[in-house]
>>> print(open('my_file15.tsv').read())   # TSV, C-alpha atoms
chain	number	residue	atom	x	y	z
A	898	MET	CA	82.70	91.95	114.42
A	899	LYS	CA	85.48	89.59	115.46
A	900	TYR	CA	88.67	89.07	113.47
A	901	ARG	CA	91.87	87.02	113.46
A	902	ILE	CA	95.14	87.73	111.62
A	903	ASP	CA	97.13	84.61	110.66
A	904	GLY	CA	100.51	84.05	109.06
A	905	THR	CA	103.86	85.79	109.06
A	906	THR	CA	105.05	87.08	105.68
A	907	MET	CA	101.88	86.33	103.63
A	908	GLN	CA	99.18	87.13	106.13
A	909	THR	CA	95.43	86.63	106.00
A	910	ILE	CA	92.65	88.32	107.95
A	911	THR	CA	89.55	86.30	108.88
A	912	VAL	CA	86.47	88.33	109.77
A	913	GLU	CA	83.60	86.70	111.67
A	914	LEU	CA	80.22	88.31	110.99
A	915	GLU	CA	76.88	88.03	112.75
A	916	GLN	CA	73.61	88.13	110.83
A	917	ALA	CA	73.32	91.94	110.88
A	918	GLU	CA	76.99	92.70	110.18
A	919	SER	CA	78.76	93.30	106.86
A	920	VAL	CA	82.13	94.49	105.55
A	921	TYR	CA	83.46	95.62	102.18
A	922	SER	CA	86.80	94.96	100.49
A	923	GLU	CA	88.78	95.66	97.36
A	924	SER	CA	87.95	93.46	94.40
A	925	GLY	CA	89.85	90.16	94.40
A	926	ALA	CA	90.90	90.26	98.06
A	927	MET	CA	88.67	87.39	99.23
A	928	ALA	CA	90.48	84.07	99.69
A	929	TRP	CA	87.77	81.81	101.17
A	930	MET	CA	84.51	82.10	103.10
A	931	SER	CA	81.79	80.09	104.77
A	932	GLY	CA	78.92	78.78	102.66
A	933	ASN	CA	76.37	81.24	104.05
A	934	MET	CA	78.32	84.36	103.08
A	935	GLU	CA	76.92	86.51	100.29
A	936	MET	CA	78.87	88.82	97.96
A	937	LYS	CA	77.57	91.93	96.24
A	938	SER	CA	79.78	94.12	94.01
A	939	GLU	CA	78.91	97.79	93.73
A	940	MET	CA	80.36	101.05	92.46
A	941	ARG	CA	80.52	102.49	95.97
A	942	GLY	CA	80.18	106.28	96.19
A	943	GLY	CA	79.13	106.72	92.56
A	944	ALA	CA	81.06	106.99	89.30
A	945	GLY	CA	83.33	109.83	90.43
A	946	ALA	CA	84.50	108.00	93.54
A	947	ALA	CA	84.95	104.78	91.56
A	948	ILE	CA	87.18	106.47	88.96
A	949	GLY	CA	89.22	108.02	91.77
A	950	ARG	CA	89.71	104.59	93.31
A	951	LEU	CA	90.91	103.28	89.98
A	952	PHE	CA	93.70	105.86	89.92
A	953	SER	CA	94.60	105.11	93.55
A	954	GLY	CA	95.25	101.44	92.81
A	955	GLU	CA	91.82	99.97	93.59
A	956	SER	CA	89.17	98.60	91.25
A	957	LEU	CA	86.07	100.42	90.03
A	958	PHE	CA	83.91	98.09	92.10
A	959	LEU	CA	84.14	97.21	95.78
A	960	VAL	CA	82.64	94.03	97.21
A	961	ASN	CA	80.22	93.79	100.14
A	962	PHE	CA	80.18	90.64	102.27
A	963	SER	CA	77.28	89.73	104.56
A	964	SER	CA	76.16	86.62	106.39
A	965	ASN	CA	72.85	85.01	105.47
A	966	GLY	CA	71.31	82.81	108.17
A	967	GLY	CA	73.47	82.96	111.26
A	968	LYS	CA	77.14	83.53	111.91
A	969	GLY	CA	79.60	83.34	109.02
A	970	PHE	CA	83.19	84.18	108.18
A	971	VAL	CA	85.26	85.45	105.26
A	972	THR	CA	89.04	85.43	104.88
A	973	PHE	CA	91.01	88.03	102.93
A	974	ALA	CA	94.61	87.67	101.76
A	975	ALA	CA	97.33	90.24	101.17
A	976	ASP	CA	98.75	90.23	97.63
A	977	PHE	CA	102.32	91.04	98.67
A	978	PRO	CA	104.63	89.86	101.50
A	979	GLY	CA	104.16	92.16	104.48
A	980	LYS	CA	101.83	92.91	107.37
A	981	ILE	CA	98.10	93.39	107.76
A	982	LEU	CA	97.40	96.13	110.31
A	983	PRO	CA	94.04	96.71	112.04
A	984	LEU	CA	93.11	100.37	112.58
A	985	LYS	CA	90.20	101.35	114.82
A	986	LEU	CA	89.29	104.86	113.71
A	987	ALA	CA	87.15	107.29	115.67
A	988	ALA	CA	84.48	109.39	113.96
A	989	GLY	CA	86.24	111.80	111.58
A	990	GLN	CA	89.70	110.29	112.21
A	991	SER	CA	91.64	109.73	108.97
A	992	MET	CA	94.76	108.02	107.69
A	993	ILE	CA	96.67	108.67	104.46
A	994	CYS	CA	97.95	105.44	102.89
A	995	GLN	CA	99.94	104.33	99.90
A	996	LYS	CA	98.10	103.02	96.85
A	997	ASP	CA	96.81	99.44	97.27
A	998	ALA	CA	96.98	99.63	101.08
A	999	PHE	CA	93.23	99.25	101.69
A	1000	LEU	CA	92.11	95.64	102.21
A	1001	VAL	CA	88.76	95.44	104.06
A	1002	ALA	CA	86.67	97.62	106.38
A	1003	GLU	CA	83.40	97.97	108.21
A	1004	GLN	CA	80.64	99.69	106.27
A	1005	THR	CA	80.95	102.87	108.36
A	1006	VAL	CA	84.52	103.50	107.12
A	1007	GLN	CA	84.87	105.84	104.15
A	1008	LEU	CA	87.46	105.16	101.43
A	1009	LYS	CA	88.40	107.93	99.02
A	1010	THR	CA	91.32	109.22	97.00
A	1011	HIS	CA	93.82	111.71	98.38
A	1012	PHE	CA	95.63	114.08	96.01
A	1013	ARG	CA	99.09	115.45	96.69
A	1014	LYS	CA	98.92	119.15	95.94
A	1015	LYS	CA	102.61	119.89	95.34
A	1016	LEU	CA	103.90	119.11	91.85
A	1017	GLY	CA	107.32	117.95	93.09
A	1018	VAL	CA	105.80	115.64	95.70
A	1019	GLY	CA	103.50	114.12	93.12
A	1020	LEU	CA	106.22	113.56	90.54
A	1021	PHE	CA	109.00	112.32	92.79
A	1022	GLY	CA	107.29	111.22	96.02
A	1023	GLY	CA	107.37	107.53	95.20
A	1024	GLU	CA	103.60	106.95	94.97
A	1025	GLY	CA	102.57	109.64	92.51
A	1026	PHE	CA	99.86	112.25	92.95
A	1027	ILE	CA	97.11	109.94	94.18
A	1028	LEU	CA	96.98	108.09	97.50
A	1029	GLN	CA	94.21	106.57	99.60
A	1030	GLU	CA	92.43	108.25	102.48
A	1031	ILE	CA	90.41	106.22	104.98
A	1032	THR	CA	88.13	107.89	107.50
A	1033	GLY	CA	86.26	106.53	110.51
A	1034	PRO	CA	84.31	105.63	112.46
A	1035	GLY	CA	85.03	101.91	112.31
A	1036	THR	CA	87.69	99.26	111.91
A	1037	VAL	CA	89.73	98.99	108.73
A	1038	PHE	CA	92.53	96.65	107.75
A	1039	VAL	CA	95.43	97.80	105.59
A	1040	SER	CA	98.13	95.73	103.91
A	1041	LEU	CA	101.65	97.19	103.98
A	1042	ASP	CA	104.88	95.89	102.44
A	1043	GLY	CA	107.61	94.04	104.31
A	1044	GLU	CA	108.27	94.66	108.00
A	1045	ILE	CA	106.62	97.72	109.51
A	1046	THR	CA	108.10	100.33	111.85
A	1047	GLU	CA	105.72	102.74	113.58
A	1048	MET	CA	107.12	106.08	114.73
A	1049	THR	CA	105.57	109.06	116.50
A	1050	LEU	CA	107.10	112.36	115.43
A	1051	ASN	CA	107.01	115.42	117.66
A	1052	ALA	CA	106.10	118.84	116.27
A	1053	GLY	CA	108.94	119.97	114.00
A	1054	GLN	CA	110.75	116.62	114.16
A	1055	LEU	CA	112.08	115.75	110.70
A	1056	LEU	CA	112.79	112.37	109.18
A	1057	LYS	CA	114.35	111.60	105.78
A	1058	VAL	CA	113.27	108.34	104.14
A	1059	ASP	CA	113.43	106.54	100.82
A	1060	THR	CA	110.49	107.75	98.74
A	1061	GLY	CA	108.82	104.32	98.71
A	1062	SER	CA	109.29	103.53	102.39
A	1063	LEU	CA	106.50	105.72	103.73
A	1064	ALA	CA	103.44	103.45	103.85
A	1065	MET	CA	100.96	105.39	105.97
A	1066	MET	CA	100.73	108.59	108.00
A	1067	GLU	CA	98.35	110.72	109.97
A	1068	PRO	CA	97.07	113.82	108.12
A	1069	THR	CA	98.95	116.11	110.53
A	1070	VAL	CA	102.29	114.91	109.15
A	1071	LYS	CA	103.86	117.10	106.46
A	1072	PHE	CA	105.34	115.31	103.45
A	1073	ASP	CA	107.78	116.70	100.89
A	1074	VAL	CA	110.66	115.62	98.67
A	1075	VAL	CA	114.18	117.04	98.53
A	1076	MET	CA	116.96	116.56	95.99
A	1077	GLN	CA	120.02	114.65	97.11
A	1078	LYS	CA	123.08	116.79	97.81
A	1079	GLY	CA	126.23	116.03	95.86
A	1080	ILE	CA	126.70	114.52	92.41
A	1081	LYS	CA	128.26	111.34	93.84
A	1082	ASN	CA	125.27	110.78	96.11
A	1083	MET	CA	122.90	111.26	93.16
A	1084	LEU	CA	124.76	108.91	90.85
A	1085	PHE	CA	126.22	106.30	93.17
A	1086	GLY	CA	124.31	106.52	96.46
A	1087	GLY	CA	121.71	104.01	95.34
A	1088	GLU	CA	118.78	106.14	96.53
A	1089	GLY	CA	118.10	108.05	93.31
A	1090	LEU	CA	117.86	111.81	92.92
A	1091	PHE	CA	115.31	112.43	95.66
A	1092	LEU	CA	114.54	111.60	99.26
A	1093	ALA	CA	111.26	112.08	101.09
A	1094	THR	CA	111.06	114.30	104.16
A	1095	ILE	CA	108.33	113.85	106.75
A	1096	GLU	CA	107.78	116.30	109.57
A	1097	GLY	CA	105.71	115.91	112.72
A	1098	PRO	CA	103.56	116.06	114.66
A	1099	GLY	CA	101.92	112.71	114.05
A	1100	LYS	CA	102.42	109.01	113.52
A	1101	VAL	CA	104.03	107.42	110.47
A	1102	TRP	CA	104.29	103.80	109.39
A	1103	LEU	CA	107.45	102.87	107.46
A	1104	GLN	CA	107.81	99.72	105.35
A	1105	SER	CA	111.02	97.80	104.76
A	1106	MET	CA	110.23	96.31	101.34
A	1107	PRO	CA	108.26	98.58	98.98
A	1108	ALA	CA	106.82	96.63	96.06
A	1109	ALA	CA	108.61	98.84	93.53
A	1110	ASN	CA	111.98	98.15	95.17
A	1111	LEU	CA	111.43	94.39	95.10
A	1112	ALA	CA	110.33	94.54	91.46
A	1113	ALA	CA	113.53	96.39	90.55
A	1114	VAL	CA	115.65	93.72	92.24
A	1115	VAL	CA	113.79	90.86	90.55
A	1116	ALA	CA	114.10	92.61	87.16
A	1117	ARG	CA	117.88	92.29	87.32
A	1118	TYR	CA	117.55	88.50	87.12
A	1119	VAL	CA	114.93	88.33	84.38
A	1120	PRO	CA	116.53	87.16	81.10
A	1121	LYS	CA	116.47	89.80	78.40
A	1122	GLY	CA	115.96	89.23	74.72
>>> encode(input="my_file15.tsv", output="structure tokens")
Amino acid sequence: MKYRIDGTTMQTITVELEQAESVYSESGAMAWMSGNMEMKSEMRGGAGAAIGRLFSGESLFLVNFSSNGGKGFVTFAADFPGKILPLKLAAGQSMICQKDAFLVAEQTVQLKTHFRKKLGVGLFGGEGFILQEITGPGTVFVSLDGEITEMTLNAGQLLKVDTGSLAMMEPTVKFDVVMQKGIKNMLFGGEGLFLATIEGPGKVWLQSMPAANLAAVVARYVPKG
């Protein structure tokens, strides 16, 4: 499978498929494709997995794309300004992503829901109880919000971030939320009551423009009444 990522703030990913190759994507992600590409929607993984995807921001059905009669291509578009990142996962290697991060993947990649076990993390962690977990082997493309900063944390290294800024992390990274110190910080600091804490070892991907933050800014300018 060959691919090409185009664009800057509203990126697309074009996947070139040979006759025997296929990929699957979230519903509605396809932008355009060659005339010999075929689509097939399915409730991948059964009803239980489909319902879990629904709670993690995806649709009940995922869409398979395959080429019929020679080489073909299909282009997928992100639905929010940001970056499309390719991840080549080894067998059993996983990533934990924010809701709506998954875009398209090879058939060998497994997509499932990931539940945050701590009540406080689920309530105040910015993305709720349910995230996405993608597991290799294979190549998967994720769509993250705004500009992306990748950091590798050493064992015990701690980072405090806005609850919506953590876009993706390796499973070895510990995630928690802490209450802001000081009444003035809570009321006037602009970051709300809680901050997220992430602790290494492992890699994390931080995003500069979470969708919820942008929506809150735009809401200020929407006429009321």
>>> closest_residue(input="my_file15.tsv", among="A:Thr1049, A:Thr1032, A:Ser931, A:Gln1054", to="Lys1009 of chain A", atoms="all atoms listed in the file")
A:Thr1032
>>> closest_residue(input="my_file15.tsv", among="A:Leu959, A:Ile993, A:Ile902, A:Leu1103", to="Met1066 of chain A", atoms="all atoms listed in the file")
A:Ile993
>>> closest_residue(input="my_file15.tsv", among="A:Val1001, A:Leu984, A:Glu918, A:Ile910", to="Lys968 of chain A", atoms="only C-alpha atoms")
A:Glu918
>>> residues_around(input="my_file15.tsv", residues="Phe1072 of chain A", least_positions_apart="3", cutoff="8 Å", atoms="all atoms listed in the file", output="list of chain:residue names")
A:Val1018, A:Ala1093, A:Thr1094, A:Ile1095, A:Glu1096
>>> residues_around(input="my_file15.tsv", residues="segment 1069-1071 of chain A", least_positions_apart="3", cutoff="12 Å", atoms="all atoms listed in the file", output="tab-separated table (two decimals) with C-alpha atoms, in the coordinates of the input")
chain	number	residue	atom	x	y	z
A	990	GLN	CA	89.70	110.29	112.21
A	991	SER	CA	91.64	109.73	108.97
A	992	MET	CA	94.76	108.02	107.69
A	993	ILE	CA	96.67	108.67	104.46
A	1013	ARG	CA	99.09	115.45	96.69
A	1014	LYS	CA	98.92	119.15	95.94
A	1015	LYS	CA	102.61	119.89	95.34
A	1018	VAL	CA	105.80	115.64	95.70
A	1048	MET	CA	107.12	106.08	114.73
A	1049	THR	CA	105.57	109.06	116.50
A	1050	LEU	CA	107.10	112.36	115.43
A	1051	ASN	CA	107.01	115.42	117.66
A	1052	ALA	CA	106.10	118.84	116.27
A	1053	GLY	CA	108.94	119.97	114.00
A	1054	GLN	CA	110.75	116.62	114.16
A	1055	LEU	CA	112.08	115.75	110.70
A	1056	LEU	CA	112.79	112.37	109.18
A	1057	LYS	CA	114.35	111.60	105.78
A	1063	LEU	CA	106.50	105.72	103.73
A	1065	MET	CA	100.96	105.39	105.97
A	1066	MET	CA	100.73	108.59	108.00
A	1074	VAL	CA	110.66	115.62	98.67
A	1093	ALA	CA	111.26	112.08	101.09
A	1094	THR	CA	111.06	114.30	104.16
A	1095	ILE	CA	108.33	113.85	106.75
A	1096	GLU	CA	107.78	116.30	109.57
A	1097	GLY	CA	105.71	115.91	112.72
A	1098	PRO	CA	103.56	116.06	114.66
A	1099	GLY	CA	101.92	112.71	114.05
A	1100	LYS	CA	102.42	109.01	113.52
A	1101	VAL	CA	104.03	107.42	110.47
A	1102	TRP	CA	104.29	103.80	109.39
>>> atom_distance(input="my_file15.tsv", atom1="atom CA of Glu935 of chain A", atom2="atom CA of Ile981 of chain A")
23.5 Å
>>> atom_distance(input="my_file15.tsv", atom1="atom CA of Ser1062 of chain A", atom2="atom CA of Phe977 of chain A")
14.8 Å
>>> residues_around(input="my_file15.tsv", residues="segment 1036-1040 of chain A", least_positions_apart="5", cutoff="7 Å", atoms="only C-alpha atoms", output="PDB file with C-alpha atoms, keeping the file's coordinate frame")
ATOM      1  CA  ALA A 975      97.330  90.240 101.170  1.00  0.00           C
ATOM      2  CA  LYS A 980     101.830  92.910 107.370  1.00  0.00           C
ATOM      3  CA  ILE A 981      98.100  93.390 107.760  1.00  0.00           C
ATOM      4  CA  LEU A 982      97.400  96.130 110.310  1.00  0.00           C
ATOM      5  CA  PRO A 983      94.040  96.710 112.040  1.00  0.00           C
ATOM      6  CA  LEU A 984      93.110 100.370 112.580  1.00  0.00           C
ATOM      7  CA  LYS A 985      90.200 101.350 114.820  1.00  0.00           C
ATOM      8  CA  LEU A 986      89.290 104.860 113.710  1.00  0.00           C
ATOM      9  CA  ALA A 998      96.980  99.630 101.080  1.00  0.00           C
ATOM     10  CA  PHE A 999      93.230  99.250 101.690  1.00  0.00           C
ATOM     11  CA  LEU A1000      92.110  95.640 102.210  1.00  0.00           C
ATOM     12  CA  VAL A1001      88.760  95.440 104.060  1.00  0.00           C
ATOM     13  CA  ALA A1002      86.670  97.620 106.380  1.00  0.00           C
ATOM     14  CA  GLU A1003      83.400  97.970 108.210  1.00  0.00           C
TER      15      GLU A1003
END
>>> residues_near_point(input="my_file15.tsv", point="(77.0, 92.2, 102.1)", cutoff="7 Å", atoms="only C-alpha atoms", output="PyMOL selection string")
chain A and resi 919-920+935-937+961-963
>>> residues_around(input="my_file15.tsv", residues="Ser938 of chain A", least_positions_apart="6", cutoff="10 Å", atoms="all atoms listed in the file", output="ChimeraX atom specification")
/A:921-924,957-962
>>> atom_distance(input="my_file15.tsv", atom1="atom CA of Val1006 of chain A", atom2="atom CA of Asp1073 of chain A")
27.5 Å
>>> decode(input="my_file15.tsv", residues="segment 961-1001 of chain A", atoms="N, CA and C atoms", output="PDB file, in the first residue's frame")
ATOM      1  N   ASN A 961     -15.271  -0.611   4.129  1.00  0.00           N
ATOM      2  CA  ASN A 961     -14.134  -1.238   3.467  1.00  0.00           C
ATOM      3  C   ASN A 961     -13.999  -0.700   2.049  1.00  0.00           C
ATOM      4  N   PHE A 962     -12.761  -0.474   1.625  1.00  0.00           N
ATOM      5  CA  PHE A 962     -12.474  -0.015   0.268  1.00  0.00           C
ATOM      6  C   PHE A 962     -11.502  -0.987  -0.378  1.00  0.00           C
ATOM      7  N   SER A 963     -11.845  -1.460  -1.571  1.00  0.00           N
ATOM      8  CA  SER A 963     -10.971  -2.367  -2.314  1.00  0.00           C
ATOM      9  C   SER A 963     -11.011  -2.006  -3.785  1.00  0.00           C
ATOM     10  N   SER A 964      -9.938  -2.372  -4.482  1.00  0.00           N
ATOM     11  CA  SER A 964      -9.823  -2.057  -5.899  1.00  0.00           C
ATOM     12  C   SER A 964     -10.289  -3.250  -6.731  1.00  0.00           C
ATOM     13  N   ASN A 965     -11.090  -2.980  -7.730  1.00  0.00           N
ATOM     14  CA  ASN A 965     -11.614  -4.030  -8.607  1.00  0.00           C
ATOM     15  C   ASN A 965     -11.068  -3.841 -10.017  1.00  0.00           C
ATOM     16  N   GLY A 966     -10.141  -4.721 -10.420  1.00  0.00           N
ATOM     17  CA  GLY A 966      -9.598  -4.630 -11.774  1.00  0.00           C
ATOM     18  C   GLY A 966      -8.416  -3.686 -11.875  1.00  0.00           C
ATOM     19  N   GLY A 967      -7.333  -4.029 -11.227  1.00  0.00           N
ATOM     20  CA  GLY A 967      -6.128  -3.218 -11.313  1.00  0.00           C
ATOM     21  C   GLY A 967      -5.986  -2.230 -10.177  1.00  0.00           C
ATOM     22  N   LYS A 968      -4.997  -1.384 -10.330  1.00  0.00           N
ATOM     23  CA  LYS A 968      -4.654  -0.409  -9.289  1.00  0.00           C
ATOM     24  C   LYS A 968      -5.721   0.678  -9.191  1.00  0.00           C
ATOM     25  N   GLY A 969      -6.006   1.106  -7.944  1.00  0.00           N
ATOM     26  CA  GLY A 969      -6.955   2.181  -7.726  1.00  0.00           C
ATOM     27  C   GLY A 969      -6.521   3.045  -6.553  1.00  0.00           C
ATOM     28  N   PHE A 970      -7.254   4.118  -6.325  1.00  0.00           N
ATOM     29  CA  PHE A 970      -6.912   4.988  -5.194  1.00  0.00           C
ATOM     30  C   PHE A 970      -8.182   5.528  -4.553  1.00  0.00           C
ATOM     31  N   VAL A 971      -8.051   5.893  -3.276  1.00  0.00           N
ATOM     32  CA  VAL A 971      -9.146   6.523  -2.543  1.00  0.00           C
ATOM     33  C   VAL A 971      -8.551   7.581  -1.629  1.00  0.00           C
ATOM     34  N   THR A 972      -9.201   8.730  -1.559  1.00  0.00           N
ATOM     35  CA  THR A 972      -8.724   9.856  -0.760  1.00  0.00           C
ATOM     36  C   THR A 972      -9.681  10.107   0.398  1.00  0.00           C
ATOM     37  N   PHE A 973      -9.110  10.278   1.587  1.00  0.00           N
ATOM     38  CA  PHE A 973      -9.875  10.539   2.795  1.00  0.00           C
ATOM     39  C   PHE A 973      -9.525  11.934   3.314  1.00  0.00           C
ATOM     40  N   ALA A 974     -10.496  12.610   3.897  1.00  0.00           N
ATOM     41  CA  ALA A 974     -10.295  13.984   4.368  1.00  0.00           C
ATOM     42  C   ALA A 974     -10.558  14.074   5.863  1.00  0.00           C
ATOM     43  N   ALA A 975      -9.733  14.859   6.542  1.00  0.00           N
ATOM     44  CA  ALA A 975      -9.974  15.159   7.954  1.00  0.00           C
ATOM     45  C   ALA A 975     -11.175  16.091   8.065  1.00  0.00           C
ATOM     46  N   ASP A 976     -11.921  15.996   9.169  1.00  0.00           N
ATOM     47  CA  ASP A 976     -13.109  16.833   9.337  1.00  0.00           C
ATOM     48  C   ASP A 976     -12.857  18.031  10.247  1.00  0.00           C
ATOM     49  N   PHE A 977     -11.589  18.295  10.557  1.00  0.00           N
ATOM     50  CA  PHE A 977     -11.251  19.404  11.443  1.00  0.00           C
ATOM     51  C   PHE A 977      -9.827  19.858  11.109  1.00  0.00           C
ATOM     52  N   PRO A 978      -9.525  21.164  11.173  1.00  0.00           N
ATOM     53  CA  PRO A 978      -8.168  21.620  10.885  1.00  0.00           C
ATOM     54  C   PRO A 978      -7.150  20.945  11.806  1.00  0.00           C
ATOM     55  N   GLY A 979      -6.090  20.411  11.219  1.00  0.00           N
ATOM     56  CA  GLY A 979      -5.088  19.718  12.027  1.00  0.00           C
ATOM     57  C   GLY A 979      -4.122  18.931  11.166  1.00  0.00           C
ATOM     58  N   LYS A 980      -3.680  17.798  11.686  1.00  0.00           N
ATOM     59  CA  LYS A 980      -2.682  16.979  11.010  1.00  0.00           C
ATOM     60  C   LYS A 980      -3.143  15.532  10.930  1.00  0.00           C
ATOM     61  N   ILE A 981      -2.840  14.902   9.805  1.00  0.00           N
ATOM     62  CA  ILE A 981      -3.030  13.469   9.654  1.00  0.00           C
ATOM     63  C   ILE A 981      -1.677  12.800   9.875  1.00  0.00           C
ATOM     64  N   LEU A 982      -1.616  11.880  10.825  1.00  0.00           N
ATOM     65  CA  LEU A 982      -0.364  11.212  11.161  1.00  0.00           C
ATOM     66  C   LEU A 982      -0.420   9.744  10.771  1.00  0.00           C
ATOM     67  N   PRO A 983       0.606   9.245  10.055  1.00  0.00           N
ATOM     68  CA  PRO A 983       0.681   7.808   9.780  1.00  0.00           C
ATOM     69  C   PRO A 983       1.396   7.094  10.920  1.00  0.00           C
ATOM     70  N   LEU A 984       0.855   5.965  11.351  1.00  0.00           N
ATOM     71  CA  LEU A 984       1.461   5.157  12.404  1.00  0.00           C
ATOM     72  C   LEU A 984       1.642   3.739  11.866  1.00  0.00           C
ATOM     73  N   LYS A 985       2.871   3.266  11.871  1.00  0.00           N
ATOM     74  CA  LYS A 985       3.141   1.883  11.458  1.00  0.00           C
ATOM     75  C   LYS A 985       3.325   1.068  12.733  1.00  0.00           C
ATOM     76  N   LEU A 986       2.326   0.267  13.073  1.00  0.00           N
ATOM     77  CA  LEU A 986       2.311  -0.465  14.323  1.00  0.00           C
ATOM     78  C   LEU A 986       2.791  -1.901  14.119  1.00  0.00           C
ATOM     79  N   ALA A 987       3.622  -2.361  15.046  1.00  0.00           N
ATOM     80  CA  ALA A 987       4.060  -3.749  15.038  1.00  0.00           C
ATOM     81  C   ALA A 987       2.949  -4.631  15.604  1.00  0.00           C
ATOM     82  N   ALA A 988       3.092  -5.928  15.474  1.00  0.00           N
ATOM     83  CA  ALA A 988       2.098  -6.860  16.001  1.00  0.00           C
ATOM     84  C   ALA A 988       1.947  -6.676  17.510  1.00  0.00           C
ATOM     85  N   GLY A 989       0.739  -6.413  17.967  1.00  0.00           N
ATOM     86  CA  GLY A 989       0.470  -6.205  19.386  1.00  0.00           C
ATOM     87  C   GLY A 989       0.742  -4.811  19.902  1.00  0.00           C
ATOM     88  N   GLN A 990       1.341  -3.939  19.097  1.00  0.00           N
ATOM     89  CA  GLN A 990       1.617  -2.558  19.523  1.00  0.00           C
ATOM     90  C   GLN A 990       0.335  -1.738  19.461  1.00  0.00           C
ATOM     91  N   SER A 991       0.057  -0.969  20.515  1.00  0.00           N
ATOM     92  CA  SER A 991      -1.188  -0.207  20.599  1.00  0.00           C
ATOM     93  C   SER A 991      -0.927   1.270  20.831  1.00  0.00           C
ATOM     94  N   MET A 992      -1.933   2.076  20.502  1.00  0.00           N
ATOM     95  CA  MET A 992      -1.978   3.491  20.811  1.00  0.00           C
ATOM     96  C   MET A 992      -3.349   3.820  21.377  1.00  0.00           C
ATOM     97  N   ILE A 993      -3.382   4.740  22.340  1.00  0.00           N
ATOM     98  CA  ILE A 993      -4.634   5.232  22.913  1.00  0.00           C
ATOM     99  C   ILE A 993      -4.865   6.637  22.358  1.00  0.00           C
ATOM    100  N   CYS A 994      -6.016   6.843  21.716  1.00  0.00           N
ATOM    101  CA  CYS A 994      -6.284   8.106  21.028  1.00  0.00           C
ATOM    102  C   CYS A 994      -7.564   8.751  21.553  1.00  0.00           C
ATOM    103  N   GLN A 995      -7.672  10.035  21.288  1.00  0.00           N
ATOM    104  CA  GLN A 995      -8.905  10.738  21.605  1.00  0.00           C
ATOM    105  C   GLN A 995     -10.034  10.244  20.705  1.00  0.00           C
ATOM    106  N   LYS A 996     -11.267  10.508  21.107  1.00  0.00           N
ATOM    107  CA  LYS A 996     -12.412  10.171  20.271  1.00  0.00           C
ATOM    108  C   LYS A 996     -12.300  10.876  18.921  1.00  0.00           C
ATOM    109  N   ASP A 997     -12.726  10.207  17.870  1.00  0.00           N
ATOM    110  CA  ASP A 997     -12.723  10.737  16.500  1.00  0.00           C
ATOM    111  C   ASP A 997     -11.345  10.768  15.866  1.00  0.00           C
ATOM    112  N   ALA A 998     -10.310  10.240  16.514  1.00  0.00           N
ATOM    113  CA  ALA A 998      -8.969  10.307  15.942  1.00  0.00           C
ATOM    114  C   ALA A 998      -8.805   9.353  14.756  1.00  0.00           C
ATOM    115  N   PHE A 999      -9.394   8.174  14.843  1.00  0.00           N
ATOM    116  CA  PHE A 999      -9.215   7.178  13.784  1.00  0.00           C
ATOM    117  C   PHE A 999      -9.760   7.683  12.457  1.00  0.00           C
ATOM    118  N   LEU A1000      -8.969   7.471  11.366  1.00  0.00           N
ATOM    119  CA  LEU A1000      -9.390   7.891  10.036  1.00  0.00           C
ATOM    120  C   LEU A1000      -9.464   6.703   9.081  1.00  0.00           C
ATOM    121  N   VAL A1001      -8.357   5.991   8.882  1.00  0.00           N
ATOM    122  CA  VAL A1001      -8.327   4.862   7.949  1.00  0.00           C
ATOM    123  C   VAL A1001      -7.172   3.946   8.341  1.00  0.00           C
TER     124      VAL A1001
END
